[in-house]
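One file, run_33.pdb, carrying PDB, C-alpha atoms:
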```pdb
ATOM      1  CA  MET P   1     112.218-123.808 -79.096
ATOM      2  CA  GLU P   2     109.417-123.997 -81.636
ATOM      3  CA  SER P   3     107.403-120.849 -82.205
ATOM      4  CA  SER P   4     104.293-122.746 -81.132
ATOM      5  CA  ASP P   5     105.889-123.279 -77.711
ATOM      6  CA  LEU P   6     106.094-119.518 -77.148
ATOM      7  CA  ALA P   7     102.326-119.242 -77.029
ATOM      8  CA  ALA P   8     102.233-121.650 -74.114
ATOM      9  CA  LEU P   9     104.682-119.666 -71.971
ATOM     10  CA  ARG P  10     102.908-117.866 -69.162
ATOM     11  CA  LEU P  11     103.361-117.082 -65.506
ATOM     12  CA  GLU P  12     100.771-116.202 -62.897
ATOM     13  CA  TYR P  13     101.433-112.984 -60.982
ATOM     14  CA  THR P  14     100.572-113.313 -57.305
ATOM     15  CA  ALA P  15     103.089-111.265 -55.307
ATOM     16  CA  ARG P  16     101.075-108.173 -54.335
ATOM     17  CA  GLY P  17      98.751-105.426 -55.525
ATOM     18  CA  LEU P  18      98.827-101.667 -56.027
ATOM     19  CA  THR P  19      96.015 -99.558 -54.572
ATOM     20  CA  GLU P  20      95.407 -95.868 -55.081
ATOM     21  CA  GLU P  21      96.358 -95.350 -51.448
ATOM     22  CA  ASP P  22      99.668 -97.152 -52.041
ATOM     23  CA  ALA P  23     100.288 -95.074 -55.172
ATOM     24  CA  GLY P  24      99.818 -91.770 -53.373
ATOM     25  CA  ASP P  25      99.612 -88.427 -55.137
ATOM     26  CA  ASP P  26     103.202 -87.984 -56.389
ATOM     27  CA  PRO P  27     104.670 -90.392 -58.967
ATOM     28  CA  LEU P  28     108.236 -89.337 -58.176
ATOM     29  CA  VAL P  29     107.829 -90.478 -54.574
ATOM     30  CA  LEU P  30     106.445 -93.840 -55.674
ATOM     31  CA  LEU P  31     109.103 -94.280 -58.373
ATOM     32  CA  ARG P  32     111.899 -93.662 -55.886
ATOM     33  CA  GLN P  33     110.267 -96.123 -53.491
ATOM     34  CA  TRP P  34     110.015 -98.826 -56.148
ATOM     35  CA  ILE P  35     113.645 -98.307 -57.202
ATOM     36  CA  SER P  36     114.735 -98.561 -53.554
ATOM     37  CA  GLU P  37     112.771-101.782 -53.162
ATOM     38  CA  ALA P  38     114.357-103.175 -56.333
ATOM     39  CA  VAL P  39     117.806-102.353 -54.923
ATOM     40  CA  ALA P  40     116.902-103.968 -51.580
ATOM     41  CA  ALA P  41     115.693-107.080 -53.439
ATOM     42  CA  GLY P  42     119.143-107.481 -55.001
ATOM     43  CA  ILE P  43     117.952-107.088 -58.581
ATOM     44  CA  ASP P  44     120.828-106.685 -61.046
ATOM     45  CA  GLU P  45     121.009-103.181 -62.513
ATOM     46  CA  PRO P  46     117.720-101.956 -61.025
ATOM     47  CA  ASN P  47     118.256 -98.671 -62.877
ATOM     48  CA  ALA P  48     118.274-100.298 -66.332
ATOM     49  CA  MET P  49     115.535 -98.964 -68.586
ATOM     50  CA  ALA P  50     114.488 -99.586 -72.158
ATOM     51  CA  LEU P  51     114.523 -96.238 -73.971
ATOM     52  CA  ALA P  52     112.475 -95.797 -77.143
ATOM     53  CA  THR P  53     113.187 -92.960 -79.548
ATOM     54  CA  ALA P  54     112.086 -92.206 -83.098
ATOM     55  CA  ASP P  55     113.614 -90.335 -85.998
ATOM     56  CA  ASN P  56     111.962 -87.447 -87.827
ATOM     57  CA  ARG P  57     110.065 -89.942 -90.010
ATOM     58  CA  GLY P  58     108.592 -91.695 -86.993
ATOM     59  CA  ARG P  59     110.682 -94.866 -87.279
ATOM     60  CA  PRO P  60     111.325 -96.154 -83.756
ATOM     61  CA  SER P  61     114.358 -97.725 -82.136
ATOM     62  CA  VAL P  62     114.832 -99.015 -78.596
ATOM     63  CA  ARG P  63     117.773 -99.964 -76.398
ATOM     64  CA  ILE P  64     118.706-100.367 -72.738
ATOM     65  CA  VAL P  65     120.249 -97.378 -70.972
ATOM     66  CA  LEU P  66     120.963 -96.708 -67.310
ATOM     67  CA  LEU P  67     118.920 -94.243 -65.293
ATOM     68  CA  LYS P  68     121.498 -91.968 -63.639
ATOM     69  CA  GLY P  69     119.425 -89.194 -62.151
ATOM     70  CA  LEU P  70     115.873 -88.576 -61.001
ATOM     71  CA  ASP P  71     114.309 -85.254 -60.027
ATOM     72  CA  LEU P  72     111.107 -83.238 -60.412
ATOM     73  CA  ASP P  73     111.975 -82.487 -64.026
ATOM     74  CA  GLY P  74     112.516 -86.049 -65.165
ATOM     75  CA  ALA P  75     114.750 -89.084 -65.576
ATOM     76  CA  VAL P  76     118.386 -88.560 -66.624
ATOM     77  CA  PHE P  77     120.572 -90.803 -68.791
ATOM     78  CA  TYR P  78     123.875 -90.259 -70.621
ATOM     79  CA  THR P  79     125.152 -91.159 -74.058
ATOM     80  CA  ASN P  80     127.306 -90.155 -77.001
ATOM     81  CA  LEU P  81     125.416 -87.247 -78.533
ATOM     82  CA  ALA P  82     126.290 -88.446 -82.042
ATOM     83  CA  SER P  83     124.918 -91.951 -81.400
ATOM     84  CA  ARG P  84     121.681 -93.058 -83.034
ATOM     85  CA  LYS P  85     119.615 -92.147 -79.983
ATOM     86  CA  GLY P  86     121.424 -88.827 -79.662
ATOM     87  CA  ARG P  87     120.709 -87.978 -83.293
ATOM     88  CA  GLU P  88     117.091 -89.082 -83.039
ATOM     89  CA  LEU P  89     116.507 -87.053 -79.895
ATOM     90  CA  SER P  90     117.892 -83.947 -81.585
ATOM     91  CA  GLU P  91     115.476 -84.527 -84.505
ATOM     92  CA  ASN P  92     112.482 -85.612 -82.426
ATOM     93  CA  PRO P  93     112.863 -84.653 -78.740
ATOM     94  CA  TRP P  94     110.258 -87.043 -77.341
ATOM     95  CA  ALA P  95     110.818 -90.482 -75.862
ATOM     96  CA  SER P  96     109.397 -93.202 -73.669
ATOM     97  CA  ALA P  97     111.119 -95.581 -71.276
ATOM     98  CA  VAL P  98     110.288 -98.724 -69.325
ATOM     99  CA  LEU P  99     111.898 -99.997 -66.126
ATOM    100  CA  LEU P 100     111.155-103.683 -65.466
ATOM    101  CA  TRP P 101     111.754-105.472 -62.162
ATOM    102  CA  ARG P 102     110.688-108.987 -63.028
ATOM    103  CA  PRO P 103     111.178-110.601 -59.565
ATOM    104  CA  LEU P 104     108.895-107.929 -58.071
ATOM    105  CA  GLU P 105     106.353-108.297 -60.907
ATOM    106  CA  ARG P 106     106.572-104.564 -61.565
ATOM    107  CA  GLN P 107     107.239-102.153 -64.365
ATOM    108  CA  VAL P 108     107.103 -98.384 -64.807
ATOM    109  CA  ARG P 109     106.513 -96.517 -68.071
ATOM    110  CA  ILE P 110     107.646 -92.914 -68.523
ATOM    111  CA  GLU P 111     106.667 -90.732 -71.489
ATOM    112  CA  GLY P 112     107.508 -87.143 -72.218
ATOM    113  CA  PRO P 113     109.702 -84.513 -73.867
ATOM    114  CA  VAL P 114     113.479 -84.798 -73.782
ATOM    115  CA  ALA P 115     115.995 -81.998 -73.239
ATOM    116  CA  PRO P 116     119.797 -81.996 -72.840
ATOM    117  CA  VAL P 117     121.132 -81.694 -69.314
ATOM    118  CA  SER P 118     123.329 -78.699 -68.564
ATOM    119  CA  ASP P 119     127.067 -78.820 -69.232
ATOM    120  CA  ASP P 120     127.719 -78.554 -65.492
ATOM    121  CA  GLU P 121     125.496 -81.542 -64.751
ATOM    122  CA  ALA P 122     127.121 -83.613 -67.489
ATOM    123  CA  ASP P 123     130.608 -82.586 -66.313
ATOM    124  CA  ARG P 124     129.853 -83.666 -62.739
ATOM    125  CA  TYR P 125     128.551 -87.047 -63.786
ATOM    126  CA  PHE P 126     131.433 -87.651 -66.223
ATOM    127  CA  ALA P 127     133.929 -86.848 -63.457
ATOM    128  CA  SER P 128     132.262 -89.458 -61.219
ATOM    129  CA  ARG P 129     132.714 -92.294 -63.737
ATOM    130  CA  PRO P 130     135.554 -94.828 -63.492
ATOM    131  CA  ARG P 131     138.556 -93.772 -65.545
ATOM    132  CA  GLY P 132     138.161 -96.723 -67.897
ATOM    133  CA  ALA P 133     134.595 -95.693 -68.668
ATOM    134  CA  GLN P 134     135.754 -92.120 -69.267
ATOM    135  CA  ILE P 135     138.339 -93.322 -71.779
ATOM    136  CA  GLY P 136     135.756 -95.571 -73.393
ATOM    137  CA  ALA P 137     133.403 -92.619 -73.848
ATOM    138  CA  ALA P 138     136.187 -90.524 -75.341
ATOM    139  CA  SER P 139     137.470 -93.224 -77.695
ATOM    140  CA  SER P 140     134.246 -94.741 -79.052
ATOM    141  CA  HIS P 141     132.334 -93.235 -81.972
ATOM    142  CA  GLN P 142     129.124 -94.816 -80.748
ATOM    143  CA  SER P 143     126.835 -96.418 -83.351
ATOM    144  CA  GLU P 144     129.432 -96.016 -86.121
ATOM    145  CA  PRO P 145     130.711 -99.157 -87.935
ATOM    146  CA  ILE P 146     134.209-100.457 -87.138
ATOM    147  CA  ALA P 147     136.134-103.187 -88.948
ATOM    148  CA  SER P 148     136.947-105.442 -85.992
ATOM    149  CA  ARG P 149     137.151-105.865 -82.236
ATOM    150  CA  GLU P 150     140.909-105.437 -82.553
ATOM    151  CA  ASP P 151     140.426-102.024 -84.150
ATOM    152  CA  LEU P 152     138.098-101.015 -81.315
ATOM    153  CA  GLU P 153     140.624-102.080 -78.677
ATOM    154  CA  ARG P 154     143.420-100.292 -80.570
ATOM    155  CA  GLN P 155     141.311 -97.131 -80.611
ATOM    156  CA  TYR P 156     140.814 -97.415 -76.842
ATOM    157  CA  ALA P 157     144.523 -98.076 -76.235
ATOM    158  CA  GLU P 158     145.494 -94.987 -78.203
ATOM    159  CA  ALA P 159     143.093 -92.860 -76.174
ATOM    160  CA  GLU P 160     144.398 -94.388 -72.949
ATOM    161  CA  ARG P 161     148.016 -93.551 -73.855
ATOM    162  CA  ALA P 162     147.013 -89.978 -74.691
ATOM    163  CA  SER P 163     145.130 -89.450 -71.437
ATOM    164  CA  VAL P 164     147.029 -87.573 -68.728
ATOM    165  CA  GLY P 165     145.623 -86.346 -65.418
ATOM    166  CA  ASP P 166     141.926 -85.708 -64.954
ATOM    167  CA  LEU P 167     139.965 -86.283 -68.128
ATOM    168  CA  THR P 168     137.644 -83.647 -69.529
ATOM    169  CA  ARG P 169     134.221 -84.659 -70.780
ATOM    170  CA  PRO P 170     134.266 -84.875 -74.578
ATOM    171  CA  ALA P 171     131.989 -82.389 -76.322
ATOM    172  CA  SER P 172     130.384 -85.370 -78.097
ATOM    173  CA  TRP P 173     129.209 -86.940 -74.830
ATOM    174  CA  GLY P 174     126.410 -85.689 -72.596
ATOM    175  CA  GLY P 175     123.080 -86.377 -70.972
ATOM    176  CA  PHE P 176     119.363 -86.062 -71.562
ATOM    177  CA  ARG P 177     116.426 -85.616 -69.199
ATOM    178  CA  LEU P 178     113.213 -87.431 -70.080
ATOM    179  CA  GLY P 179     110.365 -85.309 -68.746
ATOM    180  CA  PHE P 180     107.350 -86.670 -66.888
ATOM    181  CA  ASP P 181     104.313 -86.085 -69.097
ATOM    182  CA  SER P 182     102.959 -89.389 -67.853
ATOM    183  CA  VAL P 183     104.222 -92.075 -65.490
ATOM    184  CA  GLU P 184     102.442 -95.436 -65.328
ATOM    185  CA  PHE P 185     102.977 -98.009 -62.583
ATOM    186  CA  TRP P 186     102.172-101.651 -63.393
ATOM    187  CA  GLN P 187     101.869-104.374 -60.777
ATOM    188  CA  GLY P 188     101.249-107.949 -61.905
ATOM    189  CA  ARG P 189      98.067-109.592 -60.580
ATOM    190  CA  PRO P 190      96.339-112.978 -60.976
ATOM    191  CA  ASN P 191      94.266-113.756 -64.083
ATOM    192  CA  ARG P 192      95.963-110.913 -65.970
ATOM    193  CA  LEU P 193      93.864-108.372 -64.033
ATOM    194  CA  HIS P 194      96.989-106.324 -63.452
ATOM    195  CA  ASP P 195      97.000-103.069 -61.485
ATOM    196  CA  ARG P 196      97.815-100.103 -63.727
ATOM    197  CA  ILE P 197      97.882 -96.638 -62.202
ATOM    198  CA  ARG P 198      98.903 -93.722 -64.381
ATOM    199  CA  PHE P 199      99.833 -90.189 -63.406
ATOM    200  CA  VAL P 200      99.362 -87.518 -66.085
ATOM    201  CA  ARG P 201     100.845 -84.058 -65.584
ATOM    202  CA  GLY P 202      98.460 -81.155 -66.062
ATOM    203  CA  ILE P 203      98.433 -77.421 -65.428
ATOM    204  CA  ALA P 204      97.059 -77.953 -61.923
ATOM    205  CA  GLY P 205      99.404 -80.812 -61.067
ATOM    206  CA  TRP P 206      99.146 -84.567 -61.304
ATOM    207  CA  LYS P 207      95.996 -86.438 -62.314
ATOM    208  CA  ARG P 208      95.925 -90.043 -61.105
ATOM    209  CA  GLU P 209      93.821 -92.646 -62.914
ATOM    210  CA  ARG P 210      93.439 -96.405 -62.961
ATOM    211  CA  LEU P 211      93.696 -98.126 -66.336
ATOM    212  CA  GLN P 212      92.149-101.413 -67.334
ATOM    213  CA  PRO P 213      94.756-104.147 -67.893
TER     214      PRO P 213
END
```

Take the structure in this file and express it as structure tokens.
Amino acid sequence: MESSDLAALRLEYTARGLTEEDAGDDPLVLLRQWISEAVAAGIDEPNAMALATADNRGRPSVRIVLLKGLDLDGAVFYTNLASRKGRELSENPWASAVLLWRPLERQVRIEGPVAPVSDDEADRYFASRPRGAQIGAASSHQSEPIASREDLERQYAEAERASVGDLTRPASWGGFRLGFDSVEFWQGRPNRLHDRIRFVRGIAGWKRERLQP
């Protein structure tokens, strides 16, 4: 595809709208509802979110992670703590994330501070993972270079042979909770007049506001 063809790509959004009444007064309630509707719509990995972090010099990086927990304190995801995102979050504990459900013409943006989950919470989630994923977490030095795919598979095989009984969560693997400083709900609309409703957390609770598209 020529770069000039990219400028011509566009799609009209006509599925539905988002009113203040629909949004309600609690972004967590609406976020759970939208995730449930994405699951009901059969969207692949409806909990996939793009997570943006930055190092201590402000240089950003972004990748897809899976949302694995949601509560009043924020959105939870897991990773190798020595990975690039783990290192960046220890240097600069702020992040933003986007969940996109293209068939529903919806996205949600979350911004806020990031803090490690407790050891107990990380242990419980690690224990719930398939054994293969547990071994993968224990054997991979995430974000570090490796010579070949064969070396990676050999590393996994060695960890698999060494694993006996229930596996313990490696100290290098854990979770983070992205806090809700702001949560913005975006619903596609015709003529690019999209609905954008943002919740901002304040001392007295949530402030809801409509943003221009």

**Prompt:** Written as a count of residues only, which residues does the PyMOL selection byres ((chain P and resi 202-208) around 12) give for the file shown?
**Reply:** 25

**Request:** Name the closest residue to Asp195 (chain P) among the candidates P:Val108, P:Ala75, P:Val65, P:Ala162; distances are taken between atoms, counting all atoms listed in the file.
**Result:** P:Val108

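For the residues P:Glu105, P:Asp22, P:Asp55, P:Glu91, ranking by smallest atom-to-atom distance to Ile43 (chain P) using all atoms listed in the file places P:Glu105 first.
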
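The two atoms in question, CA of Ala95 (chain P) and CA of Gly179 (chain P), are spaced 8.8 Å apart.
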
Considering only C-alpha atoms, tabulate each residue of region 42-114 of chain P that lies at most 7 Å from region 135-146 of chain P along with its nearest interatomic pair and the corresponding distance in Å to one decimal; arrange the rows by chain and ascending residue number and present them as a Markdown table.
```
| residue | atom | partner | partner_atom | distance |
| --- | --- | --- | --- | --- |
| P:Asn80 | CA | P:Gln142 | CA | 6.3 |
| P:Ser83 | CA | P:Gln142 | CA | 5.1 |
| P:Arg84 | CA | P:Ser143 | CA | 6.2 |
```

With C-alpha atoms retained, could you export that selection as an mmCIF file, in the frame of the given file?
```
data_model
loop_
_atom_site.group_PDB
_atom_site.id
_atom_site.type_symbol
_atom_site.label_atom_id
_atom_site.label_comp_id
_atom_site.auth_asym_id
_atom_site.auth_seq_id
_atom_site.Cartn_x
_atom_site.Cartn_y
_atom_site.Cartn_z
ATOM 1 C CA ASN P 80 127.306 -90.155 -77.001
ATOM 2 C CA SER P 83 124.918 -91.951 -81.400
ATOM 3 C CA ARG P 84 121.681 -93.058 -83.034
#
```

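Take the PyMOL selection byres ((chain P and resi 124) around 12) and apply it to this file: it picks Lys68, Gly69, Tyr78, Val117, Ser118, Asp119, Asp120, Glu121, Ala122, Asp123, Tyr125, Phe126, Ala127, Ser128, Arg129, Leu167, Thr168, Arg169, Gly174 and Gly175 of chain P.
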
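The nearest approach to Leu66 (chain P) among the residues P:Pro93, P:Pro190, P:Gly17, P:Pro46, with all atoms listed in the file taken into account, belongs to P:Pro46.
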
**Request:** Go ahead and compute the interatomic distance for CA of Arg106 (chain P) and CA of Ile64 (chain P), in Å to one decimal.
**Result:** 17.0 Å
